[in-house]
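Just input00.cif here, mmCIF, C-alpha atoms:
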data_upload
#
loop_
_atom_site.label_atom_id
_atom_site.label_comp_id
_atom_site.auth_asym_id
_atom_site.auth_seq_id
_atom_site.Cartn_x
_atom_site.Cartn_y
_atom_site.Cartn_z
CA ASP G 19 102.68 84.55 93.94
CA ALA G 20 101.47 82.73 97.04
CA LYS G 21 97.74 82.01 97.04
CA THR G 22 95.03 83.05 99.46
CA THR G 23 91.77 81.28 100.33
CA GLN G 24 88.68 83.21 101.39
CA PRO G 25 85.04 82.21 101.88
CA ASN G 26 82.89 83.13 98.89
CA SER G 27 80.36 85.05 100.96
CA MET G 28 79.50 86.17 104.49
CA GLU G 29 76.61 87.94 106.15
CA SER G 30 76.60 90.36 109.00
CA ASN G 31 74.07 92.43 110.88
CA GLU G 32 74.40 96.18 110.88
CA GLU G 33 76.24 97.68 113.83
CA GLU G 34 77.88 94.33 114.67
CA PRO G 35 81.55 93.42 114.22
CA VAL G 36 82.59 91.39 111.19
CA HIS G 37 85.56 89.05 111.00
CA LEU G 38 86.65 88.22 107.45
CA PRO G 39 89.11 85.29 107.37
CA CYS G 40 91.91 84.63 104.90
CA ASN G 41 94.16 81.58 104.71
CA HIS G 42 97.60 81.87 103.14
CA SER G 43 99.47 78.74 104.19
CA THR G 44 102.20 79.16 101.54
CA ILE G 45 103.08 82.74 102.50
CA SER G 46 106.77 83.54 102.37
CA GLY G 47 108.67 85.57 104.91
CA THR G 48 108.73 88.71 102.75
CA ASP G 49 105.08 88.67 101.66
CA TYR G 50 102.90 91.52 102.89
CA ILE G 51 99.20 90.88 103.50
CA HIS G 52 96.99 93.47 101.80
CA TRP G 53 93.23 93.94 101.92
CA TYR G 54 91.20 95.79 99.34
CA ARG G 55 87.46 96.08 98.98
CA GLN G 56 85.25 96.75 95.97
CA LEU G 57 81.92 98.45 96.48
CA PRO G 58 79.22 97.76 93.86
CA SER G 59 80.01 99.31 90.47
CA GLN G 60 83.25 100.86 91.74
CA GLY G 61 86.94 100.17 91.51
CA PRO G 62 88.73 98.48 94.40
CA GLU G 63 89.92 100.61 97.28
CA TYR G 64 92.77 100.01 99.70
CA VAL G 65 91.74 98.98 103.21
CA ILE G 66 94.80 97.94 105.21
CA HIS G 67 98.03 95.97 105.05
CA GLY G 68 100.54 94.36 107.38
CA LEU G 69 103.54 92.07 107.62
CA THR G 70 103.69 90.45 111.07
CA SER G 71 102.07 92.68 113.67
CA ASN G 72 98.41 93.51 114.00
CA VAL G 73 97.46 96.79 112.36
CA ASN G 74 94.70 99.31 112.95
CA ASN G 75 93.49 102.23 110.87
CA ARG G 76 90.31 104.27 110.58
CA MET G 77 88.66 101.71 108.32
CA ALA G 78 89.51 98.37 109.93
CA SER G 79 91.89 96.20 111.92
CA LEU G 80 94.09 93.43 110.61
CA ALA G 81 94.89 90.50 112.88
CA ILE G 82 97.76 88.31 111.66
CA ALA G 83 98.32 84.82 113.09
CA GLU G 84 101.63 84.22 114.79
CA ASP G 85 102.70 81.73 112.08
CA ARG G 86 101.38 84.14 109.40
CA LYS G 87 99.45 81.35 107.69
CA SER G 88 96.18 83.17 108.19
CA SER G 89 94.83 86.64 108.86
CA THR G 90 91.52 88.27 109.71
CA LEU G 91 90.13 91.61 108.62
CA ILE G 92 87.97 93.09 111.34
CA LEU G 93 85.30 95.69 110.70
CA HIS G 94 84.35 96.87 114.17
CA ARG G 95 80.81 98.02 113.41
CA ALA G 96 79.46 97.04 110.02
CA THR G 97 77.26 99.50 108.19
CA LEU G 98 75.29 99.09 104.98
CA ARG G 99 78.06 100.98 103.22
CA ASP G 100 80.48 98.18 104.09
CA ALA G 101 78.65 95.76 101.78
CA ALA G 102 81.33 94.92 99.23
CA VAL G 103 83.69 92.25 97.95
CA TYR G 104 86.77 92.02 100.17
CA TYR G 105 90.03 90.81 98.68
CA CYS G 106 92.93 89.40 100.67
CA ILE G 107 96.12 89.69 98.61
CA LEU G 108 99.74 88.75 99.22
CA ARG G 109 102.34 91.10 97.80
CA ALA G 110 105.91 89.92 97.51
CA ASN G 111 108.39 92.52 98.60
CA THR G 112 110.47 92.40 95.43
CA GLY G 113 111.56 96.00 95.78
CA THR G 114 110.08 97.18 92.50
CA ALA G 115 106.80 96.70 90.66
CA SER G 116 105.23 94.53 93.33
CA LYS G 117 101.88 93.93 91.68
CA LEU G 118 98.45 93.17 93.08
CA THR G 119 97.03 89.78 92.07
CA PHE G 120 93.31 89.50 92.83
CA GLY G 121 91.37 86.36 93.68
CA THR G 122 87.57 86.22 93.81
CA GLY G 123 87.32 87.60 97.36
CA THR G 124 84.54 87.42 99.96
CA ARG G 125 81.21 89.07 99.23
CA LEU G 126 79.98 90.67 102.45
CA GLN G 127 76.27 91.30 102.86
CA VAL G 128 75.17 93.58 105.68
CA MET G 129 71.63 93.10 106.92
CA LEU G 130 69.44 95.66 108.66
CA ASN H 113 91.13 115.61 94.45
CA ALA H 114 90.40 113.85 91.14
CA GLY H 115 92.67 110.82 91.71
CA VAL H 116 92.44 108.39 88.77
CA THR H 117 90.03 109.38 86.02
CA GLN H 118 88.84 106.96 83.33
CA THR H 119 86.90 107.75 80.20
CA PRO H 120 84.52 106.73 78.84
CA LYS H 121 82.44 105.12 81.60
CA PHE H 122 80.50 102.97 79.14
CA HIS H 123 81.04 102.01 75.50
CA ILE H 124 79.65 99.58 72.96
CA LEU H 125 82.09 98.49 70.28
CA LYS H 126 81.49 96.39 67.19
CA ILE H 127 83.62 93.33 66.48
CA GLY H 128 86.77 94.31 64.60
CA GLN H 129 86.67 97.96 65.62
CA SER H 130 89.40 99.63 67.64
CA MET H 131 89.27 102.08 70.48
CA THR H 132 91.34 103.67 73.20
CA LEU H 133 90.40 103.72 76.86
CA GLN H 134 91.74 106.80 78.56
CA CYS H 135 93.28 106.95 82.03
CA THR H 136 94.82 109.94 83.74
CA GLN H 137 96.00 110.56 87.29
CA ASP H 138 96.89 113.79 89.06
CA MET H 139 98.82 112.37 92.02
CA ASN H 140 102.24 112.32 90.31
CA HIS H 141 102.35 108.55 90.70
CA ASN H 142 105.10 106.74 88.84
CA TYR H 143 103.35 103.37 88.54
CA MET H 144 100.20 102.80 86.55
CA TYR H 145 98.22 99.64 85.78
CA TRP H 146 95.41 98.34 83.62
CA TYR H 147 93.17 95.54 84.87
CA ARG H 148 90.09 93.86 83.44
CA GLN H 149 87.32 92.27 85.48
CA ASP H 150 84.94 89.71 84.03
CA PRO H 151 81.59 89.06 85.76
CA GLY H 152 81.96 87.37 89.15
CA MET H 153 85.74 87.26 88.88
CA GLY H 154 88.68 89.07 90.38
CA LEU H 155 90.74 91.60 88.46
CA LYS H 156 93.41 90.44 86.01
CA LEU H 157 96.43 92.59 85.15
CA ILE H 158 96.74 93.51 81.46
CA TYR H 159 99.69 95.91 81.33
CA TYR H 160 101.59 98.11 83.73
CA SER H 161 104.10 100.94 83.62
CA VAL H 162 106.78 101.94 86.10
CA GLY H 163 107.31 105.37 84.61
CA ALA H 164 107.03 107.44 81.45
CA GLY H 165 108.35 105.51 78.46
CA ILE H 166 108.39 102.14 80.27
CA THR H 167 105.65 99.53 79.95
CA ASP H 168 105.44 95.80 80.52
CA LYS H 169 102.98 92.96 80.05
CA GLY H 170 100.80 91.61 82.79
CA GLU H 171 98.86 88.38 82.98
CA VAL H 172 96.48 88.90 80.01
CA PRO H 173 98.09 91.31 77.46
CA ASN H 174 96.92 89.71 74.20
CA GLY H 175 94.70 92.01 72.13
CA TYR H 176 95.82 95.17 73.91
CA ASN H 177 98.51 97.80 73.62
CA VAL H 178 99.59 100.61 75.89
CA SER H 179 101.84 103.65 75.83
CA ARG H 180 103.12 105.97 78.54
CA SER H 181 104.37 109.24 77.10
CA THR H 182 103.69 111.28 80.25
CA THR H 183 103.54 110.55 83.98
CA GLU H 184 99.84 111.44 84.06
CA ASP H 185 98.41 109.42 81.18
CA PHE H 186 98.29 105.68 80.47
CA PRO H 187 95.88 104.89 77.60
CA LEU H 188 94.87 101.32 76.74
CA ARG H 189 94.36 100.51 73.07
CA LEU H 190 92.11 97.69 71.85
CA GLU H 191 92.83 96.60 68.29
CA LEU H 192 90.34 94.44 66.37
CA ALA H 193 87.89 94.10 69.23
CA ALA H 194 86.50 90.63 70.00
CA PRO H 195 83.53 89.56 72.16
CA SER H 196 86.01 88.07 74.65
CA GLN H 197 87.12 91.62 75.43
CA THR H 198 83.71 92.47 76.86
CA SER H 199 84.61 93.38 80.42
CA VAL H 200 85.00 96.16 82.95
CA TYR H 201 88.39 97.83 82.69
CA PHE H 202 90.06 99.48 85.67
CA CYS H 203 93.06 101.75 85.65
CA ALA H 204 95.11 102.18 88.83
CA SER H 205 98.17 104.04 89.98
CA SER H 206 100.62 103.89 92.86
CA TYR H 207 103.44 106.12 94.01
CA SER H 208 105.85 103.21 94.07
CA GLY H 209 105.97 99.48 93.44
CA ASP H 210 107.01 99.04 97.07
CA THR H 211 104.58 96.95 99.09
CA ASN H 212 104.02 99.79 101.56
CA TYR H 213 102.20 101.82 98.92
CA GLY H 214 98.63 101.06 98.02
CA TYR H 215 96.94 101.38 94.66
CA THR H 216 94.36 104.03 93.76
CA PHE H 217 91.79 102.77 91.27
CA GLY H 218 89.56 104.60 88.83
CA SER H 219 85.84 103.93 88.65
CA GLY H 220 86.13 101.76 85.56
CA THR H 221 85.04 101.58 81.91
CA ARG H 222 82.33 99.06 81.08
CA LEU H 223 82.99 97.83 77.53
CA THR H 224 80.69 95.63 75.48
CA VAL H 225 81.84 94.16 72.16
CA VAL H 226 78.98 93.06 69.90
#

Structure rendered as structure tokens:
Amino acid sequence: DAKTTQPNSMESNEEEPVHLPCNHSTISGTDYIHWYRQLPSQGPEYVIHGLTSNVNNRMASLAIAEDRKSSTLILHRATLRDAAVYYCILRANTGTASKLTFGTGTRLQVML
Amino acid sequence: NAGVTQTPKFHILKIGQSMTLQCTQDMNHNYMYWYRQDPGMGLKLIYYSVGAGITDKGEVPNGYNVSRSTTEDFPLRLELAAPSQTSVYFCASSYSGDTNYGYTFGSGTRLTVV
């Protein structure tokens, strides 16, 4: 599986936007970019995913670079409940049993 | 809307003992997965199943066994527990292995082997 690189930690102020970067320079043409987050003492939860175009949902936005070598997860207004570890994961579109492989992610702290 | 349910939430096991971690899902998902998470690390895949009667190894299968007799249940068996198996275990499920389907995770079982 292609690797991703994320900063170990980031801080944000409450009610401000947060941009979480992810580098994936070895991404292949069929790899989807997935984001999950893990709140303290909980299992990971799905946030968003995309292939080439930017994506929006109720939780976040995903901005994908034109060359697909990097992407950014955007939380439009961070709240204390967004404090979590955010994982950027590449999933190969193999057709069956495309598994999630987790790195160490970015720990987001949200300050009052 | 139970989702993925794991039991127990916490357990202390003695070295050499065996136990089964239970996982059940009520979403009629075909795919199920077991991960472990060591402190400060990401999750590592232990075993997965693509349907009842079909299981396969993940990245770190040694010391574990699984079975999948029904769509709903995917228990993880630890034989001869070792301190290295102290970890938080997460079960997950997905409707399909296709990349357009996300995983739903349980809340985890925190296991300590002493």

>> Considering all atoms listed in the file, can you say which of G:Ala101, G:Leu118, G:Ile92, G:Met129 comes closest to Gly214 in chain H?
In response: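 Distance minimum relative to Gly214 in chain H lands on G:Leu118.
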
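Going from CA of Ile66 in chain G over to CA of Asn31 in chain G, you cover 22.2 Å.
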
Judged by all atoms listed in the file, the minimum distance to chain H among G:Leu130, G:Ala83, G:Met77, G:Leu108 is found for G:Leu108

*Polymer residues at most 8 Å from Pro187 in chain H, all atoms listed in the file, same-chain spacing of 6 or more positions, as an MDAnalysis selection string*: chainID H and resid 132:135 178:180

Requested in this report: Given the file shown, determine the residues that the PyMOL selection byres ((chain G) within 9 of (chain H)) selects; report them as number ranges by chain.
Outcome: G: 49-50, 52, 59-68, 105, 109-123

G:Gln24, G:Arg55, G:Glu29, G:Glu34 ranked by distance to Arg95 in chain G, top pick (using only C-alpha atoms):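 Of all the options, G:Glu34 lies closest to Arg95 in chain G.
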
request  = Apply the PyMOL selection byres ((chain G and resi 90) around 10) to the file shown and report the selected residues as a PyMOL selection string.
outcome  = chain G and resi 36-41+53+72+79-83+88-89+91-93+106

Original post:
So what do you get for CA of Thr224 in chain H versus CA of His123 in chain H, distance-wise?
Top reply: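 A separation of 6.4 Å between them.
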
Exercise for review: Report as a list in words the residues that result from applying the PyMOL selection byres ((chain G and resi 100) around 9) to the structure here.
Suggested key: Arg55, Leu57, Leu93, Ala96, Thr97, Leu98, Arg99, Ala101, Ala102, Leu126, Gln127 and Val128 of chain G

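If you look at CA of Gly165 in chain H and CA of Leu192 in chain H, they are 24.4 Å away from each other.
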
Enclosing box along x, y and z for every listed atom of range 63-66 of chain G, padded 6 Å each side, centre and size in Å, one decimal, as AutoDock Vina command-line options:
--center_x 92.4 --center_y 99.3 --center_z 101.2 --size_x 16.9 --size_y 14.7 --size_z 19.9

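Summary of the local environment: counting all atoms listed in the file, residues at most 9 Å from Asn177 in chain H, other than itself and those fewer than 4 positions away along its chain, are Tyr159, Pro173, Pro187, Leu188, Arg189, Leu190 and Glu191 of chain H.
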
Considering all atoms listed in the file, can you say which of G:Asn75, G:Ser46, G:Thr22, G:Thr124 comes closest to Tyr104 in chain G?
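So, comparing all the options, the nearest one is G:Thr124.
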
As a PDB file, in the coordinates of the input, please: range 66-101 of chain G completed to N, CA and C atoms.
ATOM      1  N   ILE G  66      93.769  98.059 104.165  1.00  0.00           N
ATOM      2  CA  ILE G  66      94.800  97.940 105.210  1.00  0.00           C
ATOM      3  C   ILE G  66      95.846  96.945 104.737  1.00  0.00           C
ATOM      4  N   HIS G  67      97.040  96.998 105.323  1.00  0.00           N
ATOM      5  CA  HIS G  67      98.030  95.970 105.050  1.00  0.00           C
ATOM      6  C   HIS G  67      98.949  95.793 106.246  1.00  0.00           C
ATOM      7  N   GLY G  68      99.620  94.632 106.282  1.00  0.00           N
ATOM      8  CA  GLY G  68     100.540  94.360 107.380  1.00  0.00           C
ATOM      9  C   GLY G  68     101.520  93.255 107.022  1.00  0.00           C
ATOM     10  N   LEU G  69     102.538  93.102 107.852  1.00  0.00           N
ATOM     11  CA  LEU G  69     103.540  92.070 107.620  1.00  0.00           C
ATOM     12  C   LEU G  69     103.497  91.001 108.722  1.00  0.00           C
ATOM     13  N   THR G  70     103.689  91.410 109.967  1.00  0.00           N
ATOM     14  CA  THR G  70     103.690  90.450 111.070  1.00  0.00           C
ATOM     15  C   THR G  70     102.798  90.893 112.224  1.00  0.00           C
ATOM     16  N   SER G  71     102.825  92.174 112.514  1.00  0.00           N
ATOM     17  CA  SER G  71     102.070  92.680 113.670  1.00  0.00           C
ATOM     18  C   SER G  71     100.663  93.068 113.269  1.00  0.00           C
ATOM     19  N   ASN G  72      99.770  93.033 114.250  1.00  0.00           N
ATOM     20  CA  ASN G  72      98.410  93.510 114.000  1.00  0.00           C
ATOM     21  C   ASN G  72      98.437  94.991 113.681  1.00  0.00           C
ATOM     22  N   VAL G  73      97.495  95.421 112.844  1.00  0.00           N
ATOM     23  CA  VAL G  73      97.460  96.790 112.360  1.00  0.00           C
ATOM     24  C   VAL G  73      96.062  97.360 112.531  1.00  0.00           C
ATOM     25  N   ASN G  74      95.985  98.627 112.848  1.00  0.00           N
ATOM     26  CA  ASN G  74      94.700  99.310 112.950  1.00  0.00           C
ATOM     27  C   ASN G  74      94.746 100.591 112.126  1.00  0.00           C
ATOM     28  N   ASN G  75      93.647 100.903 111.469  1.00  0.00           N
ATOM     29  CA  ASN G  75      93.490 102.230 110.870  1.00  0.00           C
ATOM     30  C   ASN G  75      92.019 102.626 110.993  1.00  0.00           C
ATOM     31  N   ARG G  76      91.661 103.747 110.385  1.00  0.00           N
ATOM     32  CA  ARG G  76      90.310 104.270 110.580  1.00  0.00           C
ATOM     33  C   ARG G  76      89.241 103.377 109.965  1.00  0.00           C
ATOM     34  N   MET G  77      89.650 102.545 109.016  1.00  0.00           N
ATOM     35  CA  MET G  77      88.660 101.710 108.320  1.00  0.00           C
ATOM     36  C   MET G  77      88.476 100.361 108.995  1.00  0.00           C
ATOM     37  N   ALA G  78      89.586  99.756 109.471  1.00  0.00           N
ATOM     38  CA  ALA G  78      89.510  98.370 109.930  1.00  0.00           C
ATOM     39  C   ALA G  78      90.725  98.018 110.769  1.00  0.00           C
ATOM     40  N   SER G  79      90.730  96.775 111.253  1.00  0.00           N
ATOM     41  CA  SER G  79      91.890  96.200 111.920  1.00  0.00           C
ATOM     42  C   SER G  79      92.290  94.934 111.191  1.00  0.00           C
ATOM     43  N   LEU G  80      93.569  94.645 111.222  1.00  0.00           N
ATOM     44  CA  LEU G  80      94.090  93.430 110.610  1.00  0.00           C
ATOM     45  C   LEU G  80      94.788  92.624 111.689  1.00  0.00           C
ATOM     46  N   ALA G  81      94.284  91.400 111.911  1.00  0.00           N
ATOM     47  CA  ALA G  81      94.890  90.500 112.880  1.00  0.00           C
ATOM     48  C   ALA G  81      95.623  89.405 112.118  1.00  0.00           C
ATOM     49  N   ILE G  82      96.922  89.261 112.386  1.00  0.00           N
ATOM     50  CA  ILE G  82      97.760  88.310 111.660  1.00  0.00           C
ATOM     51  C   ILE G  82      98.169  87.201 112.632  1.00  0.00           C
ATOM     52  N   ALA G  83      97.951  85.949 112.241  1.00  0.00           N
ATOM     53  CA  ALA G  83      98.320  84.820 113.090  1.00  0.00           C
ATOM     54  C   ALA G  83      99.828  84.812 113.329  1.00  0.00           C
ATOM     55  N   GLU G  84     100.214  84.227 114.428  1.00  0.00           N
ATOM     56  CA  GLU G  84     101.630  84.220 114.790  1.00  0.00           C
ATOM     57  C   GLU G  84     102.481  83.514 113.736  1.00  0.00           C
ATOM     58  N   ASP G  85     101.955  82.442 113.131  1.00  0.00           N
ATOM     59  CA  ASP G  85     102.700  81.730 112.080  1.00  0.00           C
ATOM     60  C   ASP G  85     102.479  82.340 110.697  1.00  0.00           C
ATOM     61  N   ARG G  86     101.680  83.379 110.618  1.00  0.00           N
ATOM     62  CA  ARG G  86     101.380  84.140 109.400  1.00  0.00           C
ATOM     63  C   ARG G  86     100.644  83.322 108.339  1.00  0.00           C
ATOM     64  N   LYS G  87     100.149  82.171 108.685  1.00  0.00           N
ATOM     65  CA  LYS G  87      99.450  81.350 107.690  1.00  0.00           C
ATOM     66  C   LYS G  87      97.990  81.748 107.539  1.00  0.00           C
ATOM     67  N   SER G  88      97.538  82.669 108.332  1.00  0.00           N
ATOM     68  CA  SER G  88      96.180  83.170 108.190  1.00  0.00           C
ATOM     69  C   SER G  88      96.105  84.586 108.754  1.00  0.00           C
ATOM     70  N   SER G  89      95.060  85.298 108.336  1.00  0.00           N
ATOM     71  CA  SER G  89      94.830  86.640 108.860  1.00  0.00           C
ATOM     72  C   SER G  89      93.327  86.899 108.863  1.00  0.00           C
ATOM     73  N   THR G  90      92.923  87.922 109.603  1.00  0.00           N
ATOM     74  CA  THR G  90      91.520  88.270 109.710  1.00  0.00           C
ATOM     75  C   THR G  90      91.356  89.773 109.609  1.00  0.00           C
ATOM     76  N   LEU G  91      90.497  90.198 108.707  1.00  0.00           N
ATOM     77  CA  LEU G  91      90.130  91.610 108.620  1.00  0.00           C
ATOM     78  C   LEU G  91      88.936  91.830 109.522  1.00  0.00           C
ATOM     79  N   ILE G  92      89.031  92.818 110.374  1.00  0.00           N
ATOM     80  CA  ILE G  92      87.970  93.090 111.340  1.00  0.00           C
ATOM     81  C   ILE G  92      87.352  94.456 111.063  1.00  0.00           C
ATOM     82  N   LEU G  93      86.065  94.444 110.776  1.00  0.00           N
ATOM     83  CA  LEU G  93      85.300  95.690 110.700  1.00  0.00           C
ATOM     84  C   LEU G  93      84.568  95.794 112.034  1.00  0.00           C
ATOM     85  N   HIS G  94      84.813  96.840 112.786  1.00  0.00           N
ATOM     86  CA  HIS G  94      84.350  96.870 114.170  1.00  0.00           C
ATOM     87  C   HIS G  94      82.846  97.066 114.301  1.00  0.00           C
ATOM     88  N   ARG G  95      82.269  97.840 113.406  1.00  0.00           N
ATOM     89  CA  ARG G  95      80.810  98.020 113.410  1.00  0.00           C
ATOM     90  C   ARG G  95      80.368  98.133 111.962  1.00  0.00           C
ATOM     91  N   ALA G  96      79.835  97.053 111.433  1.00  0.00           N
ATOM     92  CA  ALA G  96      79.460  97.040 110.020  1.00  0.00           C
ATOM     93  C   ALA G  96      78.296  97.978 109.760  1.00  0.00           C
ATOM     94  N   THR G  97      78.372  98.684 108.654  1.00  0.00           N
ATOM     95  CA  THR G  97      77.260  99.500 108.190  1.00  0.00           C
ATOM     96  C   THR G  97      76.869  99.022 106.797  1.00  0.00           C
ATOM     97  N   LEU G  98      75.740  99.492 106.316  1.00  0.00           N
ATOM     98  CA  LEU G  98      75.290  99.090 104.980  1.00  0.00           C
ATOM     99  C   LEU G  98      76.314  99.471 103.925  1.00  0.00           C
ATOM    100  N   ARG G  99      77.063 100.539 104.185  1.00  0.00           N
ATOM    101  CA  ARG G  99      78.060 100.980 103.220  1.00  0.00           C
ATOM    102  C   ARG G  99      79.281 100.082 103.179  1.00  0.00           C
ATOM    103  N   ASP G 100      79.374  99.133 104.111  1.00  0.00           N
ATOM    104  CA  ASP G 100      80.480  98.180 104.090  1.00  0.00           C
ATOM    105  C   ASP G 100      80.183  96.959 103.226  1.00  0.00           C
ATOM    106  N   ALA G 101      78.984  96.878 102.680  1.00  0.00           N
ATOM    107  CA  ALA G 101      78.650  95.760 101.780  1.00  0.00           C
ATOM    108  C   ALA G 101      79.502  95.873 100.524  1.00  0.00           C
TER     109      ALA G 101
END
